[in-house]
Each structure stands twice: as structure tokens, then as C-alpha cells.
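Visitor: So I've got this file, structure.pdb, and it contains PDB, C-alpha atoms:
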```
ATOM      1  CA  MET A  13      71.376  -7.830 -39.186
ATOM      2  CA  GLY A  14      71.942 -11.570 -38.969
ATOM      3  CA  GLU A  15      70.676 -14.797 -40.435
ATOM      4  CA  GLU A  16      67.013 -15.839 -40.269
ATOM      5  CA  GLN A  17      66.315 -18.865 -38.080
ATOM      6  CA  ARG A  18      62.827 -20.366 -38.379
ATOM      7  CA  LEU A  19      61.259 -20.789 -34.950
ATOM      8  CA  ALA A  20      59.456 -24.014 -34.076
ATOM      9  CA  GLY A  21      55.702 -23.811 -33.671
ATOM     10  CA  GLY A  22      53.745 -20.913 -35.030
ATOM     11  CA  ASN A  23      50.935 -22.928 -36.551
ATOM     12  CA  THR A  24      49.432 -19.786 -38.092
ATOM     13  CA  GLY A  25      52.220 -18.476 -40.282
ATOM     14  CA  GLY A  26      55.303 -19.069 -38.213
ATOM     15  CA  ALA A  27      58.043 -16.678 -37.261
ATOM     16  CA  VAL A  28      61.766 -16.241 -37.707
ATOM     17  CA  ARG A  29      64.452 -15.072 -35.336
ATOM     18  CA  ILE A  30      67.040 -12.544 -36.474
ATOM     19  CA  GLY A  31      69.495 -11.671 -33.726
ATOM     20  CA  ASP A  32      67.522 -10.469 -30.712
ATOM     21  CA  THR A  33      64.290 -10.012 -32.692
ATOM     22  CA  VAL A  34      61.392 -12.137 -33.926
ATOM     23  CA  ARG A  35      59.730 -11.329 -37.254
ATOM     24  CA  ARG A  36      56.340 -12.496 -38.441
ATOM     25  CA  THR A  37      53.630 -11.583 -40.926
ATOM     26  CA  PRO A  38      51.222  -9.055 -39.429
ATOM     27  CA  GLY A  39      47.451  -9.238 -39.548
ATOM     28  CA  PRO A  40      44.603  -6.774 -39.055
ATOM     29  CA  TRP A  41      44.910  -7.408 -35.283
ATOM     30  CA  THR A  42      48.611  -6.440 -35.094
ATOM     31  CA  PRO A  43      48.038  -2.753 -34.130
ATOM     32  CA  SER A  44      45.825  -3.916 -31.240
ATOM     33  CA  VAL A  45      48.463  -6.401 -30.075
ATOM     34  CA  HIS A  46      51.185  -3.744 -30.298
ATOM     35  CA  ALA A  47      49.024  -1.409 -28.186
ATOM     36  CA  LEU A  48      48.715  -4.188 -25.609
ATOM     37  CA  LEU A  49      52.466  -4.847 -25.675
ATOM     38  CA  ARG A  50      53.160  -1.119 -25.146
ATOM     39  CA  HIS A  51      50.792  -1.188 -22.153
ATOM     40  CA  LEU A  52      52.601  -4.214 -20.698
ATOM     41  CA  LYS A  53      55.910  -2.398 -21.041
ATOM     42  CA  THR A  54      54.461   0.698 -19.352
ATOM     43  CA  VAL A  55      53.237  -1.305 -16.341
ATOM     44  CA  GLY A  56      56.583  -3.136 -16.032
ATOM     45  CA  PHE A  57      55.504  -6.613 -17.151
ATOM     46  CA  ASP A  58      58.679  -8.299 -18.408
ATOM     47  CA  GLY A  59      57.100 -11.575 -19.535
ATOM     48  CA  ALA A  60      56.057 -10.350 -22.988
ATOM     49  CA  PRO A  61      58.002  -9.221 -26.024
ATOM     50  CA  ARG A  62      58.349  -5.558 -26.918
ATOM     51  CA  ALA A  63      56.884  -4.298 -30.182
ATOM     52  CA  ARG A  64      59.652  -2.771 -32.296
ATOM     53  CA  GLY A  65      57.683  -1.809 -35.405
ATOM     54  CA  PHE A  66      58.026  -3.338 -38.861
ATOM     55  CA  ASP A  67      60.931  -4.373 -41.058
ATOM     56  CA  GLU A  68      61.671  -3.689 -44.724
ATOM     57  CA  HIS A  69      59.559  -6.748 -45.690
ATOM     58  CA  GLY A  70      56.489  -5.478 -43.812
ATOM     59  CA  ARG A  71      56.850  -8.060 -41.037
ATOM     60  CA  GLU A  72      56.224  -7.031 -37.461
ATOM     61  CA  VAL A  73      59.356  -6.935 -35.334
ATOM     62  CA  LEU A  74      59.231  -8.073 -31.705
ATOM     63  CA  SER A  75      61.962  -8.561 -29.134
ATOM     64  CA  PHE A  76      63.093 -12.161 -28.634
ATOM     65  CA  LEU A  77      62.416 -13.751 -25.246
ATOM     66  CA  PRO A  78      64.799 -16.611 -24.442
ATOM     67  CA  GLY A  79      63.434 -19.850 -23.060
ATOM     68  CA  GLU A  80      62.342 -23.345 -23.944
ATOM     69  CA  THR A  81      59.213 -24.248 -25.866
ATOM     70  CA  VAL A  82      57.772 -27.546 -26.982
ATOM     71  CA  GLY A  83      57.320 -26.322 -30.544
ATOM     72  CA  VAL A  84      56.704 -29.301 -32.813
ATOM     73  CA  THR A  85      58.497 -31.845 -30.587
ATOM     74  CA  ARG A  86      56.479 -35.055 -30.127
ATOM     75  CA  PRO A  87      56.188 -36.616 -27.706
ATOM     76  CA  TRP A  88      56.524 -33.608 -25.415
ATOM     77  CA  PRO A  89      59.683 -33.607 -23.322
ATOM     78  CA  ALA A  90      59.388 -34.591 -19.650
ATOM     79  CA  TRP A  91      59.849 -31.006 -18.409
ATOM     80  CA  ALA A  92      56.579 -30.025 -20.142
ATOM     81  CA  HIS A  93      54.684 -32.359 -17.773
ATOM     82  CA  SER A  94      56.462 -31.219 -14.614
ATOM     83  CA  ASP A  95      54.944 -29.476 -11.615
ATOM     84  CA  ASP A  96      57.593 -26.778 -12.027
ATOM     85  CA  ALA A  97      56.449 -26.011 -15.593
ATOM     86  CA  LEU A  98      52.834 -25.865 -14.407
ATOM     87  CA  ARG A  99      53.782 -23.434 -11.638
ATOM     88  CA  GLN A 100      55.756 -21.259 -14.061
ATOM     89  CA  VAL A 101      52.921 -21.059 -16.595
ATOM     90  CA  ALA A 102      50.308 -20.428 -13.884
ATOM     91  CA  ARG A 103      52.418 -17.656 -12.306
ATOM     92  CA  TRP A 104      53.053 -16.074 -15.698
ATOM     93  CA  LEU A 105      49.337 -16.147 -16.606
ATOM     94  CA  ARG A 106      48.355 -14.653 -13.262
ATOM     95  CA  ASP A 107      50.933 -11.874 -13.608
ATOM     96  CA  LEU A 108      49.886 -11.244 -17.219
ATOM     97  CA  HIS A 109      46.221 -10.938 -16.309
ATOM     98  CA  ALA A 110      47.066  -8.573 -13.454
ATOM     99  CA  ALA A 111      49.151  -6.426 -15.829
ATOM    100  CA  VAL A 112      46.438  -6.438 -18.510
ATOM    101  CA  ALA A 113      43.636  -5.518 -16.087
ATOM    102  CA  GLY A 114      44.154  -1.772 -16.625
ATOM    103  CA  PHE A 115      44.473  -1.987 -20.422
ATOM    104  CA  VAL A 116      41.923  -0.129 -22.512
ATOM    105  CA  PRO A 117      42.313  -0.958 -26.213
ATOM    106  CA  PRO A 118      42.312   1.850 -28.747
ATOM    107  CA  ALA A 119      39.010   2.646 -30.438
ATOM    108  CA  GLY A 120      38.287   0.195 -33.240
ATOM    109  CA  ALA A 121      40.741  -2.418 -31.936
ATOM    110  CA  ARG A 122      40.616  -5.663 -33.917
ATOM    111  CA  TRP A 123      41.562  -9.068 -32.522
ATOM    112  CA  ARG A 124      42.586 -12.279 -34.270
ATOM    113  CA  GLU A 125      39.474 -14.204 -33.222
ATOM    114  CA  GLY A 126      37.168 -11.213 -33.501
ATOM    115  CA  GLY A 127      35.373 -10.132 -30.383
ATOM    116  CA  VAL A 128      34.905  -6.637 -29.102
ATOM    117  CA  TRP A 129      36.394  -5.372 -25.865
ATOM    118  CA  ARG A 130      34.138  -3.615 -23.378
ATOM    119  CA  PRO A 131      34.752  -2.321 -19.853
ATOM    120  CA  GLY A 132      35.073  -5.158 -17.372
ATOM    121  CA  LEU A 133      36.781  -7.526 -19.823
ATOM    122  CA  ILE A 134      40.408  -8.564 -19.577
ATOM    123  CA  VAL A 135      42.322  -9.409 -22.729
ATOM    124  CA  GLY A 136      43.523 -12.984 -22.225
ATOM    125  CA  HIS A 137      46.391 -14.890 -23.802
ATOM    126  CA  ASN A 138      44.164 -17.809 -24.833
ATOM    127  CA  ASP A 139      47.066 -19.950 -26.049
ATOM    128  CA  ALA A 140      49.191 -20.705 -22.996
ATOM    129  CA  ALA A 141      51.136 -23.904 -23.567
ATOM    130  CA  PRO A 142      54.593 -25.298 -22.900
TER     131      PRO A 142
END
```
Any chance you could give the structure as C-alpha cells?

Guide:
Amino acid sequence: MGEEQRLAGGNTGGAVRIGDTVRRTPGPWTPSVHALLRHLKTVGFDGAPRARGFDEHGREVLSFLPGETVGVTRPWPAWAHSDDALRQVARWLRDLHAAVAGFVPPAGARWREGGVWRPGLIVGHNDAAP
């Protein structure tokens, strides 16, 4: 399976990488997030991980997406302040919101910060950062 590598960031519990997967402790919102991730896969959005179920420790298993993050680095590296990074994040958010527009959560869906979905709402990322 591979060795666990703690990933930087993750201020609410953190996550570890094992091979091409990310593992983290699930919460009551995890089934709703997995439903959203399945929808994103169905509509062809490649900018989000794929839900792969749960491991033998009860952690959710997601596909690993390569890339750079700021994590806990302070001060932030120069690339995080670049126009290119801003364009990338803005493009990704726009594409995500377009892909999410047709998503209808399952009945009784729970979200990390609470809230109840109703027609006309779009599930947002709400934590876009470098």
C-alpha cells in the first residue's frame, strides 16, 4: 500500500497521502461530499478528487491530485501572489461552479458548516486558497 506521508495544511484534522490516495477522518458531511464528487466525475470535471470509499481504519479515501499548495509555509512563496496563480484559481472556481450547477444533493444531505440546500443554490467550495 505504501507509507503514510502527512500532507501540509488541513487545519481541521489533516490528511495523509498513501501512494496515489489521500486519507482523512470522515465527518457527518462526508456522504454529501462524496455525492458531490461523484457528480463532478459524471460531468467530466477533472479538478476535484475522486471518492474511493473508506479504508480499514474508517478513513475516507480520495484520489490524490498533484500540484503545489502553500500549506503551512510562511511567508507565502512568491508564486502564491502571482497573476498566474490568481488566474488559475479563478478559472478553477468558475469551472467548478459551472460543473456543480446541475448537482442536486441526496435527501437529508449534511454539510460541514450546516446549511440546507434548496433549488437555485450552488454548492460552493468556500475555501479556495493557494

Visitor: Please evaluate the PyMOL selection byres ((chain A and resi 114) around 12) against the structure above and give the resulting residues as a list of chain:residue names.

Guide: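 This file, filtered by the PyMOL selection byres ((chain A and resi 114) around 12), leaves A:Leu48, A:His51, A:Leu52, A:Thr54, A:Val55, A:Leu108, A:His109, A:Ala110, A:Ala111, A:Val112, A:Ala113, A:Phe115, A:Val116, A:Pro117, A:Pro131, A:Gly132, A:Leu133, A:Ile134, A:Val135.
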
Visitor: From the list A:Ala97, A:Leu77, A:Val28, A:Val34, which residue is nearest Gly59 (chain A) when using all atoms listed in the file?

Guide: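 Smallest separation from Gly59 (chain A) among the options: A:Leu77.
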
Visitor: Please measure the separation of CA of Ser75 (chain A) and CA of Ala20 (chain A), giving the value in Å to one decimal.

Guide: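 Separation between CA of Ser75 (chain A) and CA of Ala20 (chain A): 16.4 Å.
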
Visitor: Which one of A:Asp96, A:Glu16, A:Glu72, A:Glu125 sits closest to Arg29 (chain A) if you count all atoms listed in the file?

Guide: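 Residue with the minimum atom-to-atom distance to Arg29 (chain A): A:Glu16.
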
Visitor: Could you check the closest approach to Val82 (chain A) for each of A:His69, A:Arg18, A:Gly56, A:Pro142 and tell me which residue wins, using all atoms listed in the file?

Guide: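 Looking only at the distances to Val82 (chain A), the closest residue turns out to be A:Pro142.
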